[in-house]
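Okay, structure first, notes after.
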Protein chains: 2
Amino acid sequence: MYKPGDVRVEERADPRIELPTDAVIRLSATCVCGSDLWPYRGVQPVTEPSPMGHEYVGVVEAVGGEVTSVRPGQFVVGSFWASDNTCEICRAGYQSACVHRVPMGMFGSQAEYLRVPLADGTLVATPEVPGAGLIPSYLAASDVLGTGWFAADAAQAGPGKTVAVVGDGAVGLLAVLAARQMGAERIIAMSRHADRQKLALEFGATDIVTERGDEGIAKIKELTNGLGAHSVVEAVGTQEAMRQAIRSARPGGHVGFVGVSHDVRLDGMEMFWSLVHLHGGPAPVRRYLPDLMHRIATGAVEPGKVFDLELPLDQAAEGYRAMDERRAIKALLHP
Amino acid sequence: MYKPGDVRVEERADPRIELPTDAVIRLSATCVCGSDLWPYRGVQPVTEPSPMGHEYVGVVEAVGGEVTSVRPGQFVVGSFWASDNTCEICRAGYQSACVHRVPMGMFGSQAEYLRVPLADGTLVATPEVPGAGLIPSYLAASDVLGTGWFAADAAQAGPGKTVAVVGDGAVGLLAVLAARQMGAERIIAMSRHADRQKLALEFGATDIVTERGDEGIAKIKELTNGLGAHSVVEAVGTQEAMRQAIRSARPGGHVGFVGVSHDVRLDGMEMFWSLVHLHGGPAPVRRYLPDLMHRIATGAVEPGKVFDLELPLDQAAEGYRAMDERRAIKALLHP
């Protein structure tokens, strides 16, 4: 990305093993993230041309001398944070805050090859190289599925619970899928786009609410005996969405937020009187990867359905445009 | 309270049973709360002369026709919210957000008699009328102990955990006691007052940190291998205290906040990147009362130690002054 709105595909030097804990992978697929749109739209500054992308699946090409858990030829999925998976924070399940974490976005996974630091703690291999039909779902596990899953988990979705999801992007839709897998009784997707509503229902939503803001909150209350939802997922990252999420939750309820909170300022008195639990942030996808990959391999979930646009990598710019203009939920790129 | 700084003790009509679910109690003791200092200091407006106080223990004088769980002559403790204890929110343990809740502060427990609505859902009786030595501890259970307990619970204090407590008022000190009872491994009290440090150590603190702000945060990090505490209690209610609490917690850690958040505005990005759990608000003291009263009766805890000033009720104004000037941690009033 050269500047907001300006994405180019260029030849760059192939990445190489630099540290004994590195792996280099050949990407099977990559994609554009909703969070890539923040700099694309100029909300986040772009000070110099930067490699883009942090979601990836691929086949291991080479590993450093200290890597023991993956080997060349294996198909692997990794998270958007490289992590050692051994520090105290990782062991507590917060690999996205690993004391040695490395943001994968700095390498740019919208590419043919990618260097992955801390390969043993970051990558998870499948038993065998999967067929092409499963690639989009494994790619989704790398970020949007893992993030939606964390959001639903942070919101304590589960049996007997009513879960409301604010945001109908890929993460929100996959939070619906996660809540369904976690056994939630009722799942309310908040969406006003027909194609996204359809996917939400396919993923397990039981209700669709098209209202937003105060009307959306009133609708959630109406559906929950005036009490509010037990669990609310916030997957947008704006003040309005966060406010809507907190006010849609009942006292003692849980709000899981994963939208990058660019303009959010939470009022202390509102938080205080809401009595909700609030948890979120950059999802520790690595915590969930083995489980998610198993569910994908067995066909229990098909998160790859969020990709409604597939393009060759050299048309990446069109992927950004389509997502920016909301013509696509999420664009998969074939290297 | 007539206006900020102006507290008077006056004759008012005795309260009577007004609803069949009411009880009227004769107060054995009452007290001044840290939150009473907000209007006293003019931070909260005082628009007209208002009865004050919401903490109470006493002997039941009369009950309405529908009251079945307490009877005249019994010694009872209640919370600062009257609650039905049967609605869905109460059953989930959030009695302070009961759908029928009544704030006890509107009646004013700094008095000789008090009407308690929803008596069956609000009051808990002891097996027999306790001796005078236990009265202060039972009175503490009515708010400050229950609030400190909720804060420690919200912060998930427990075995193996390092708990930091921001705020050395009665609630903060009792959060230290709660964390000790919950089995926390290490309890860091943040205080720069010798008398409060002493009580914190008596209640179970293992470390005292006198630094505040960024220095306080650095000290907590230093004591926790650079990671931050697992659990942090915020018992002040200011922007600075909340910021200090969030930054003192490790990623994945829990912040329990019970200070009334008057001037707090939480930055969304800070919350996002902190990866902490945040939970707090008006404590559902009723949830904990039976357990807390049992611990008091058996001598397991002596929370009444937070009262370092005892006055006759007609000197209530001096109780406010002493707390405002920090000459007293908490003032008990004898009706």
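In the structure tokens, chains take the letters A, B, ... in the order shown, each chain's residues start at 1, and ligands count up from 1 in the order shown.
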Contact set, chain B to chain A: 10 Å, only C-alpha atoms, as a tab-separated table (two decimals) with all heavy atoms, in the first residue's frame:
chain	number	residue	atom	x	y	z
B	88	GLU	N	-35.08	-12.83	37.12
B	88	GLU	CA	-34.03	-13.52	36.39
B	88	GLU	C	-32.65	-12.90	36.65
B	88	GLU	O	-31.64	-13.61	36.71
B	88	GLU	CB	-34.37	-13.47	34.89
B	88	GLU	CG	-33.66	-14.50	34.07
B	88	GLU	CD	-34.17	-14.54	32.62
B	88	GLU	OE1	-35.37	-14.27	32.38
B	88	GLU	OE2	-33.35	-14.82	31.74
B	89	ILE	N	-32.62	-11.58	36.80
B	89	ILE	CA	-31.34	-10.89	37.04
B	89	ILE	C	-30.83	-11.22	38.45
B	89	ILE	O	-29.64	-11.50	38.64
B	89	ILE	CB	-31.53	-9.36	36.85
B	89	ILE	CG1	-32.02	-9.03	35.42
B	89	ILE	CG2	-30.23	-8.62	37.18
B	89	ILE	CD1	-31.07	-9.40	34.31
B	90	CYS	N	-31.71	-11.21	39.43
B	90	CYS	CA	-31.31	-11.60	40.79
B	90	CYS	C	-30.81	-13.04	40.82
B	90	CYS	O	-29.79	-13.33	41.44
B	90	CYS	CB	-32.50	-11.47	41.76
B	90	CYS	SG	-32.83	-9.78	42.30
B	92	ALA	N	-29.44	-14.65	38.63
B	92	ALA	CA	-28.10	-14.73	38.02
B	92	ALA	C	-27.05	-14.08	38.92
B	92	ALA	O	-25.88	-14.03	38.56
B	92	ALA	CB	-28.11	-14.07	36.64
B	93	GLY	N	-27.49	-13.56	40.09
B	93	GLY	CA	-26.52	-13.01	41.04
B	93	GLY	C	-26.30	-11.51	40.92
B	93	GLY	O	-25.35	-10.98	41.48
B	94	TYR	N	-27.17	-10.82	40.21
B	94	TYR	CA	-27.01	-9.36	40.05
B	94	TYR	C	-28.15	-8.60	40.70
B	94	TYR	O	-28.84	-7.80	40.07
B	94	TYR	CB	-26.79	-9.01	38.56
B	94	TYR	CG	-25.40	-9.41	38.17
B	94	TYR	CD1	-25.12	-10.69	37.73
B	94	TYR	CD2	-24.34	-8.53	38.35
B	94	TYR	CE1	-23.80	-11.08	37.45
B	94	TYR	CE2	-23.03	-8.90	38.09
B	94	TYR	CZ	-22.78	-10.17	37.63
B	94	TYR	OH	-21.48	-10.54	37.37
B	95	GLN	N	-28.31	-8.82	42.00
B	95	GLN	CA	-29.41	-8.20	42.75
B	95	GLN	C	-29.35	-6.67	42.72
B	95	GLN	O	-30.38	-6.02	42.91
B	95	GLN	CB	-29.39	-8.68	44.20
B	95	GLN	CG	-29.80	-10.14	44.38
B	95	GLN	CD	-28.63	-11.10	44.30
B	95	GLN	OE1	-27.54	-10.75	43.84
B	95	GLN	NE2	-28.83	-12.32	44.76
B	96	SER	N	-28.17	-6.11	42.49
B	96	SER	CA	-28.07	-4.64	42.42
B	96	SER	C	-28.66	-4.12	41.11
B	96	SER	O	-28.76	-2.90	40.91
B	96	SER	CB	-26.62	-4.20	42.57
B	96	SER	OG	-25.78	-4.95	41.70
B	97	ALA	N	-29.08	-5.01	40.23
B	97	ALA	CA	-29.78	-4.61	39.01
B	97	ALA	C	-31.12	-5.33	38.91
B	97	ALA	O	-31.69	-5.47	37.82
B	97	ALA	CB	-28.92	-4.91	37.78
B	98	CYS	N	-31.62	-5.76	40.06
B	98	CYS	CA	-32.95	-6.39	40.14
B	98	CYS	C	-33.97	-5.56	39.36
B	98	CYS	O	-33.94	-4.32	39.42
B	98	CYS	CB	-33.37	-6.48	41.61
B	98	CYS	SG	-35.10	-6.90	41.86
B	99	VAL	N	-34.88	-6.22	38.66
B	99	VAL	CA	-35.85	-5.46	37.86
B	99	VAL	C	-36.79	-4.63	38.76
B	99	VAL	O	-37.43	-3.70	38.28
B	99	VAL	CB	-36.67	-6.37	36.92
B	99	VAL	CG1	-35.75	-7.07	35.92
B	99	VAL	CG2	-37.49	-7.41	37.69
B	154	ALA	N	-14.88	-10.08	40.89
B	154	ALA	CA	-14.86	-9.62	39.51
B	154	ALA	C	-13.44	-9.65	38.94
B	154	ALA	O	-13.24	-9.86	37.75
B	154	ALA	CB	-15.44	-8.20	39.42
B	225	ASN	N	7.36	-10.12	37.30
B	225	ASN	CA	8.18	-10.52	36.13
B	225	ASN	C	7.88	-9.70	34.89
B	225	ASN	O	7.94	-10.22	33.77
B	225	ASN	CB	7.94	-11.99	35.78
B	225	ASN	CG	8.40	-12.92	36.88
B	225	ASN	OD1	9.43	-12.65	37.51
B	225	ASN	ND2	7.64	-13.98	37.12
B	226	GLY	N	7.50	-8.48	35.08
B	226	GLY	CA	7.24	-7.61	33.92
B	226	GLY	C	5.88	-7.83	33.28
B	226	GLY	O	5.54	-7.17	32.30
B	227	LEU	N	5.07	-8.74	33.84
B	227	LEU	CA	3.82	-9.12	33.16
B	227	LEU	C	2.60	-8.33	33.63
B	227	LEU	O	1.66	-8.13	32.87
B	227	LEU	CB	3.55	-10.62	33.36
B	227	LEU	CG	4.64	-11.57	32.85
B	227	LEU	CD1	4.26	-13.01	33.18
B	227	LEU	CD2	4.86	-11.41	31.35
B	237	GLY	N	-12.50	5.18	41.61
B	237	GLY	CA	-13.52	5.79	40.76
B	237	GLY	C	-13.05	7.04	40.05
B	237	GLY	O	-13.86	7.90	39.72
B	238	THR	N	-11.75	7.13	39.81
B	238	THR	CA	-11.24	8.26	39.02
B	238	THR	C	-10.55	7.73	37.77
B	238	THR	O	-10.18	6.56	37.69
B	238	THR	CB	-10.20	9.09	39.81
B	238	THR	OG1	-9.10	8.24	40.14
B	238	THR	CG2	-10.81	9.66	41.08
B	239	GLN	N	-10.38	8.62	36.81
B	239	GLN	CA	-9.70	8.29	35.57
B	239	GLN	C	-8.31	7.73	35.86
B	239	GLN	O	-7.91	6.70	35.30
B	239	GLN	CB	-9.58	9.57	34.72
B	239	GLN	CG	-8.87	9.41	33.40
B	239	GLN	CD	-9.74	8.72	32.38
B	239	GLN	OE1	-10.95	8.56	32.58
B	239	GLN	NE2	-9.15	8.29	31.29
B	242	MET	N	-8.46	4.19	37.36
B	242	MET	CA	-8.87	3.18	36.37
B	242	MET	C	-7.74	2.90	35.39
B	242	MET	O	-7.47	1.75	35.05
B	242	MET	CB	-10.12	3.67	35.64
B	242	MET	CG	-10.73	2.63	34.75
B	242	MET	SD	-11.38	1.18	35.67
B	242	MET	CE	-13.12	1.42	35.36
B	250	ARG	N	-2.07	-7.87	33.67
B	250	ARG	CA	-1.43	-8.54	32.52
B	250	ARG	C	-2.47	-8.81	31.42
B	250	ARG	O	-3.67	-8.84	31.71
B	250	ARG	CB	-0.80	-9.84	32.97
B	250	ARG	CG	-1.80	-10.90	33.44
B	250	ARG	CD	-1.09	-12.17	33.86
B	250	ARG	NE	-0.14	-11.91	34.92
B	250	ARG	CZ	0.83	-12.76	35.28
B	250	ARG	NH1	0.94	-13.93	34.68
B	250	ARG	NH2	1.65	-12.45	36.27
B	251	PRO	N	-2.03	-9.05	30.19
B	251	PRO	CA	-2.97	-9.46	29.14
B	251	PRO	C	-3.71	-10.72	29.59
B	251	PRO	O	-3.08	-11.65	30.11
B	251	PRO	CB	-2.07	-9.77	27.95
B	251	PRO	CG	-0.80	-8.99	28.20
B	251	PRO	CD	-0.64	-8.96	29.70
B	252	GLY	N	-5.01	-10.72	29.41
B	252	GLY	CA	-5.82	-11.84	29.87
B	252	GLY	C	-6.20	-11.73	31.35
B	252	GLY	O	-6.98	-12.54	31.83
B	253	GLY	N	-5.67	-10.74	32.04
B	253	GLY	CA	-5.99	-10.54	33.45
B	253	GLY	C	-7.36	-9.92	33.63
B	253	GLY	O	-8.06	-9.62	32.66
B	254	HIS	N	-7.74	-9.75	34.90
B	254	HIS	CA	-9.08	-9.26	35.23
B	254	HIS	C	-9.01	-8.01	36.11
B	254	HIS	O	-8.32	-8.02	37.12
B	254	HIS	CB	-9.88	-10.33	35.98
B	254	HIS	CG	-10.24	-11.51	35.12
B	254	HIS	ND1	-9.32	-12.47	34.76
B	254	HIS	CD2	-11.41	-11.86	34.53
B	254	HIS	CE1	-9.93	-13.38	33.99
B	254	HIS	NE2	-11.19	-13.04	33.85
B	255	VAL	N	-9.75	-7.00	35.71
B	255	VAL	CA	-9.89	-5.78	36.51
B	255	VAL	C	-11.31	-5.73	37.05
B	255	VAL	O	-12.28	-5.77	36.28
B	255	VAL	CB	-9.60	-4.52	35.67
B	255	VAL	CG1	-9.90	-3.26	36.48
B	255	VAL	CG2	-8.16	-4.52	35.18
B	256	GLY	N	-11.44	-5.68	38.37
B	256	GLY	CA	-12.75	-5.52	39.01
B	256	GLY	C	-12.85	-4.10	39.53
B	256	GLY	O	-12.01	-3.68	40.32
B	257	PHE	N	-13.83	-3.34	39.05
B	257	PHE	CA	-13.89	-1.92	39.46
B	257	PHE	C	-15.20	-1.64	40.19
B	257	PHE	O	-16.27	-2.02	39.75
B	257	PHE	CB	-13.69	-0.97	38.27
B	257	PHE	CG	-14.80	-0.98	37.27
B	257	PHE	CD1	-15.76	0.02	37.27
B	257	PHE	CD2	-14.89	-1.97	36.32
B	257	PHE	CE1	-16.81	0.02	36.34
B	257	PHE	CE2	-15.93	-1.98	35.39
B	257	PHE	CZ	-16.89	-0.98	35.40
B	258	VAL	N	-15.07	-0.96	41.32
B	258	VAL	CA	-16.25	-0.65	42.12
B	258	VAL	C	-16.30	0.81	42.56
B	258	VAL	O	-17.27	1.23	43.19
B	258	VAL	CB	-16.36	-1.57	43.36
B	258	VAL	CG1	-16.75	-2.98	42.92
B	258	VAL	CG2	-15.07	-1.59	44.14
B	259	GLY	N	-15.25	1.56	42.25
B	259	GLY	CA	-15.32	3.00	42.49
B	259	GLY	C	-16.36	3.58	41.55
B	259	GLY	O	-16.41	3.19	40.38
B	260	VAL	N	-17.22	4.46	42.06
B	260	VAL	CA	-18.23	5.07	41.20
B	260	VAL	C	-17.50	5.99	40.21
B	260	VAL	O	-16.83	6.94	40.62
B	260	VAL	CB	-19.28	5.84	42.02
B	260	VAL	CG1	-20.35	6.41	41.11
B	260	VAL	CG2	-19.92	4.92	43.05
B	261	SER	N	-17.62	5.63	38.93
B	261	SER	CA	-16.70	6.15	37.91
B	261	SER	C	-17.09	7.55	37.44
B	261	SER	O	-17.50	7.74	36.30
B	261	SER	CB	-16.68	5.19	36.73
B	261	SER	OG	-16.78	3.85	37.15
B	262	HIS	N	-16.96	8.52	38.32
B	262	HIS	CA	-17.48	9.85	38.00
B	262	HIS	C	-16.85	10.52	36.78
B	262	HIS	O	-17.53	11.07	35.95
B	262	HIS	CB	-17.35	10.76	39.22
B	262	HIS	CG	-18.42	10.50	40.22
B	262	HIS	ND1	-18.35	9.49	41.14
B	262	HIS	CD2	-19.63	11.10	40.39
B	262	HIS	CE1	-19.47	9.49	41.87
B	262	HIS	NE2	-20.25	10.44	41.43
B	263	ASP	N	-15.54	10.49	36.70
B	263	ASP	CA	-14.92	11.25	35.60
B	263	ASP	C	-14.20	10.34	34.62
B	263	ASP	O	-13.32	10.76	33.90
B	263	ASP	CB	-13.94	12.29	36.17
B	263	ASP	CG	-12.68	11.63	36.72
B	263	ASP	OD1	-12.70	10.39	36.94
B	263	ASP	OD2	-11.68	12.33	36.91
B	264	VAL	N	-14.57	9.04	34.61
B	264	VAL	CA	-13.80	8.10	33.82
B	264	VAL	C	-14.25	8.07	32.37
B	264	VAL	O	-15.44	7.97	32.08
B	264	VAL	CB	-13.90	6.67	34.43
B	264	VAL	CG1	-13.19	5.67	33.56
B	264	VAL	CG2	-13.32	6.67	35.85
B	265	ARG	N	-13.28	8.20	31.46
B	265	ARG	CA	-13.52	7.98	30.04
B	265	ARG	C	-12.46	7.00	29.58
B	265	ARG	O	-11.28	7.32	29.57
B	265	ARG	CB	-13.37	9.29	29.24
B	265	ARG	CG	-14.29	10.41	29.68
B	265	ARG	CD	-15.68	10.28	29.11
B	265	ARG	NE	-15.68	10.50	27.66
B	265	ARG	CZ	-16.74	10.23	26.89
B	265	ARG	NH1	-17.83	9.72	27.41
B	265	ARG	NH2	-16.70	10.46	25.59
B	266	LEU	N	-12.88	5.79	29.21
B	266	LEU	CA	-11.91	4.78	28.83
B	266	LEU	C	-11.60	4.87	27.34
B	266	LEU	O	-12.50	4.88	26.52
B	266	LEU	CB	-12.49	3.39	29.10
B	266	LEU	CG	-12.59	2.96	30.54
B	266	LEU	CD1	-13.21	1.57	30.61
B	266	LEU	CD2	-11.19	2.93	31.12
B	267	ASP	N	-10.31	4.92	27.04
B	267	ASP	CA	-9.91	4.94	25.65
B	267	ASP	C	-10.06	3.55	25.05
B	267	ASP	O	-9.54	2.56	25.58
B	267	ASP	CB	-8.45	5.41	25.57
B	267	ASP	CG	-7.96	5.45	24.15
B	267	ASP	OD1	-8.45	6.31	23.39
B	267	ASP	OD2	-7.11	4.61	23.77
B	268	GLY	N	-10.78	3.48	23.93
B	268	GLY	CA	-11.07	2.19	23.30
B	268	GLY	C	-9.81	1.44	22.90
B	268	GLY	O	-9.70	0.23	23.09
B	269	MET	N	-8.84	2.14	22.33
B	269	MET	CA	-7.62	1.48	21.89
B	269	MET	C	-6.85	0.92	23.09
B	269	MET	O	-6.27	-0.15	23.01
B	269	MET	CB	-6.73	2.46	21.12
B	269	MET	CG	-7.25	2.78	19.73
B	269	MET	SD	-7.46	1.31	18.68
B	269	MET	CE	-6.07	1.54	17.56
B	270	GLU	N	-6.87	1.65	24.20
B	270	GLU	CA	-6.17	1.16	25.39
B	270	GLU	C	-6.83	-0.13	25.90
B	270	GLU	O	-6.15	-1.10	26.21
B	270	GLU	CB	-6.18	2.23	26.48
B	270	GLU	CG	-5.78	1.69	27.83
B	270	GLU	CD	-4.75	2.53	28.56
B	270	GLU	OE1	-4.67	3.73	28.27
B	270	GLU	OE2	-4.05	1.97	29.41
B	271	MET	N	-8.18	-0.12	25.96
B	271	MET	CA	-8.91	-1.31	26.37
B	271	MET	C	-8.59	-2.47	25.43
B	271	MET	O	-8.36	-3.60	25.85
B	271	MET	CB	-10.42	-1.04	26.29
B	271	MET	CG	-11.08	-0.57	27.55
B	271	MET	SD	-10.89	-1.74	28.89
B	271	MET	CE	-11.76	-3.18	28.22
B	272	PHE	N	-8.64	-2.18	24.11
B	272	PHE	CA	-8.43	-3.20	23.09
B	272	PHE	C	-7.07	-3.87	23.28
B	272	PHE	O	-6.96	-5.09	23.39
B	272	PHE	CB	-8.52	-2.54	21.71
B	272	PHE	CG	-8.46	-3.50	20.55
B	272	PHE	CD1	-9.60	-4.13	20.11
B	272	PHE	CD2	-7.25	-3.75	19.91
B	272	PHE	CE1	-9.55	-5.02	19.03
B	272	PHE	CE2	-7.19	-4.62	18.84
B	272	PHE	CZ	-8.34	-5.26	18.39
B	273	TRP	N	-6.02	-3.07	23.34
B	273	TRP	CA	-4.67	-3.64	23.38
B	273	TRP	C	-4.33	-4.23	24.73
B	273	TRP	O	-3.42	-5.06	24.84
B	273	TRP	CB	-3.64	-2.60	22.93
B	273	TRP	CG	-3.79	-2.32	21.46
B	273	TRP	CD1	-4.29	-1.20	20.88
B	273	TRP	CD2	-3.49	-3.22	20.38
B	273	TRP	NE1	-4.31	-1.33	19.51
B	273	TRP	CE2	-3.83	-2.56	19.18
B	273	TRP	CE3	-2.97	-4.53	20.32
B	273	TRP	CZ2	-3.66	-3.16	17.92
B	273	TRP	CZ3	-2.80	-5.11	19.06
B	273	TRP	CH2	-3.14	-4.43	17.89
B	274	SER	N	-5.03	-3.80	25.78
B	274	SER	CA	-4.72	-4.33	27.12
B	274	SER	C	-5.09	-5.80	27.24
B	274	SER	O	-4.51	-6.53	28.02
B	274	SER	CB	-5.47	-3.53	28.18
B	274	SER	OG	-6.85	-3.86	28.17
B	275	LEU	N	-6.11	-6.22	26.48
B	275	LEU	CA	-6.62	-7.60	26.55
B	275	LEU	C	-7.07	-8.01	27.96
B	275	LEU	O	-7.09	-9.19	28.27
B	275	LEU	CB	-5.58	-8.60	26.02
B	275	LEU	CG	-5.67	-8.91	24.53
B	275	LEU	CD1	-4.40	-9.64	24.06
B	275	LEU	CD2	-6.89	-9.76	24.19
B	276	VAL	N	-7.41	-7.02	28.79
B	276	VAL	CA	-7.91	-7.38	30.13
B	276	VAL	C	-9.41	-7.63	30.09
B	276	VAL	O	-10.10	-7.26	29.13
B	276	VAL	CB	-7.61	-6.29	31.18
B	276	VAL	CG1	-6.11	-6.00	31.28
B	276	VAL	CG2	-8.40	-5.02	30.91
B	277	HIS	N	-9.88	-8.30	31.11
B	277	HIS	CA	-11.32	-8.41	31.36
B	277	HIS	C	-11.70	-7.28	32.30
B	277	HIS	O	-10.99	-7.04	33.29
B	277	HIS	CB	-11.67	-9.72	32.07
B	277	HIS	CG	-11.33	-10.96	31.32
B	277	HIS	ND1	-10.04	-11.42	31.16
B	277	HIS	CD2	-12.13	-11.87	30.70
B	277	HIS	CE1	-10.06	-12.56	30.47
B	277	HIS	NE2	-11.32	-12.85	30.18
B	278	LEU	N	-12.80	-6.64	32.02
B	278	LEU	CA	-13.24	-5.53	32.85
B	278	LEU	C	-14.65	-5.82	33.34
B	278	LEU	O	-15.54	-6.12	32.54
B	278	LEU	CB	-13.22	-4.26	31.99
B	278	LEU	CG	-13.34	-2.91	32.68
B	278	LEU	CD1	-12.19	-2.67	33.64
B	278	LEU	CD2	-13.37	-1.79	31.63
B	279	HIS	N	-14.84	-5.78	34.65
B	279	HIS	CA	-16.18	-6.00	35.19
B	279	HIS	C	-16.31	-5.23	36.49
B	279	HIS	O	-15.37	-5.16	37.28
B	279	HIS	CB	-16.41	-7.50	35.43
B	279	HIS	CG	-17.80	-7.81	35.92
B	279	HIS	ND1	-18.92	-7.22	35.38
B	279	HIS	CD2	-18.25	-8.62	36.91
B	279	HIS	CE1	-19.99	-7.68	36.02
B	279	HIS	NE2	-19.61	-8.52	36.93
B	280	GLY	N	-17.46	-4.63	36.69
B	280	GLY	CA	-17.67	-3.90	37.92
B	280	GLY	C	-19.01	-3.20	37.91
B	280	GLY	O	-19.88	-3.50	37.09
B	281	GLY	N	-19.14	-2.27	38.83
B	281	GLY	CA	-20.40	-1.54	38.95
B	281	GLY	C	-20.90	-1.63	40.38
B	281	GLY	O	-20.15	-1.99	41.30
B	282	PRO	N	-22.18	-1.28	40.58
B	282	PRO	CA	-22.76	-1.34	41.93
B	282	PRO	C	-22.80	-2.81	42.38
B	282	PRO	O	-23.42	-3.65	41.72
B	282	PRO	CB	-24.16	-0.76	41.76
B	282	PRO	CG	-24.47	-0.89	40.30
B	282	PRO	CD	-23.16	-0.85	39.57
B	283	ALA	N	-22.16	-3.11	43.47
B	283	ALA	CA	-21.99	-4.50	43.90
B	283	ALA	C	-23.31	-5.18	44.25
B	283	ALA	O	-24.12	-4.61	44.98
B	283	ALA	CB	-21.04	-4.56	45.09
B	284	PRO	N	-23.51	-6.39	43.76
B	284	PRO	CA	-24.68	-7.18	44.17
B	284	PRO	C	-24.39	-7.83	45.52
B	284	PRO	O	-24.21	-9.05	45.62
B	284	PRO	CB	-24.80	-8.20	43.04
B	284	PRO	CG	-23.41	-8.36	42.51
B	284	PRO	CD	-22.70	-7.06	42.74
Got a sec: who's within 9 Å of Tyr288 of chain B, counting only C-alpha atoms, leaving out chain neighbours fewer than 2 positions off, as a VMD selection string?
chain B and resid 93 141 146 149 to 150 284 to 286 290 to 293
Find the residues near Val171 of chain B: any atom within 8 Å, counting only C-alpha atoms, skip ones fewer than 4 places away on the same chain, and give them as a compact mmCIF listing (two decimals) with N, CA and C atoms, in the first residue's frame.
# COMPACT_ATOMS: atom_id res chain seq x y z
N VAL B 144 -19.48 -2.03 52.34
CA VAL B 144 -18.06 -2.03 52.00
C VAL B 144 -17.43 -3.42 51.89
N LEU B 145 -17.81 -4.34 52.78
CA LEU B 145 -17.26 -5.69 52.64
C LEU B 145 -17.83 -6.35 51.38
N THR B 147 -18.94 -4.95 48.76
CA THR B 147 -18.42 -4.29 47.57
C THR B 147 -16.97 -4.70 47.30
N GLY B 148 -16.16 -4.74 48.36
CA GLY B 148 -14.78 -5.20 48.18
C GLY B 148 -14.74 -6.65 47.73
N GLY B 167 -6.43 1.80 45.64
CA GLY B 167 -7.40 2.44 46.53
C GLY B 167 -7.29 1.85 47.93
N ALA B 175 -11.26 -5.37 49.98
CA ALA B 175 -10.93 -6.19 48.81
C ALA B 175 -9.66 -7.00 49.09
N ALA B 235 -10.77 0.62 43.32
CA ALA B 235 -11.73 1.00 44.36
C ALA B 235 -11.61 2.49 44.66
Can you list, as a compact mmCIF listing (two decimals) with N, CA and C atoms, in the first residue's frame, every protein, DNA or RNA residue that comes within 8 Å of His334 of chain A when you count only C-alpha atoms, leaving out same-chain residues fewer than 4 positions away?
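out.txt, written as the output of this step:
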# COMPACT_ATOMS: atom_id res chain seq x y z
N SER A 28 -0.75 -20.80 -0.07
CA SER A 28 -1.80 -21.46 -0.87
C SER A 28 -2.92 -20.48 -1.16
N ALA A 29 -3.15 -19.58 -0.25
CA ALA A 29 -4.16 -18.52 -0.42
C ALA A 29 -3.90 -17.45 0.61
N THR A 30 -4.36 -16.26 0.31
CA THR A 30 -4.29 -15.18 1.28
C THR A 30 -5.53 -14.31 1.07
N GLU A 310 -13.17 -14.15 -5.30
CA GLU A 310 -11.83 -14.76 -5.43
C GLU A 310 -11.11 -14.11 -6.60
N LEU A 311 -9.88 -13.72 -6.39
CA LEU A 311 -9.11 -13.01 -7.42
C LEU A 311 -7.69 -13.54 -7.44
N PRO A 312 -7.02 -13.44 -8.60
CA PRO A 312 -5.59 -13.71 -8.58
C PRO A 312 -4.88 -12.59 -7.79
N LEU A 313 -3.76 -12.95 -7.18
CA LEU A 313 -3.05 -11.99 -6.32
C LEU A 313 -2.78 -10.68 -7.03
Please identify which residues in segment 152-205 of chain B DSSP calls helix (DSSP H, G or I) from the backbone, and express them as an NGL selection string.
:B and (152-154 or 170-181 or 194-203)
Would you pick out the contacts of segment 57-73 of chain A at 9 Å or less, using only C-alpha atoms, so that residues sharing its chain but fewer than 4 positions from it are not included, and give the list as a PyMOL selection string?
chain A and resi 16-30+77-78+113+118-121+123-125+129+135+138-139+142
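For the atom pair formed by atom CA of Ala189 of chain B and atom CA of Gln44 of chain B, the distance is 28.2 Å, given to one decimal.
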Kindly indicate which residue among B:Ser248, B:Ser137, B:Gln156, B:Ser231 lies nearest to Gly304 of chain B, using only C-alpha atoms for the distances.
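Closest to Gly304 of chain B of all the choices is B:Ser137.
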What does the distance between atom CA of Ser35 of chain A and atom CA of Gly213 of chain A come to in Å, to one decimal place?
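Spanning atom CA of Ser35 of chain A to atom CA of Gly213 of chain A is a straight-line distance of 22.4 Å.
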Could you go through segment 21-130 of chain B and tell me which residues DSSP, when run on the backbone, assigns to strand (DSSP E or B), listing them as a ChimeraX atom specification?
/B:23-31,57-63,75-78,81-82,102-103,113-116,123-125
Between atom CA of Val163 of chain A and atom CA of Val301 of chain A - distance in Å to one decimal
18.7 Å
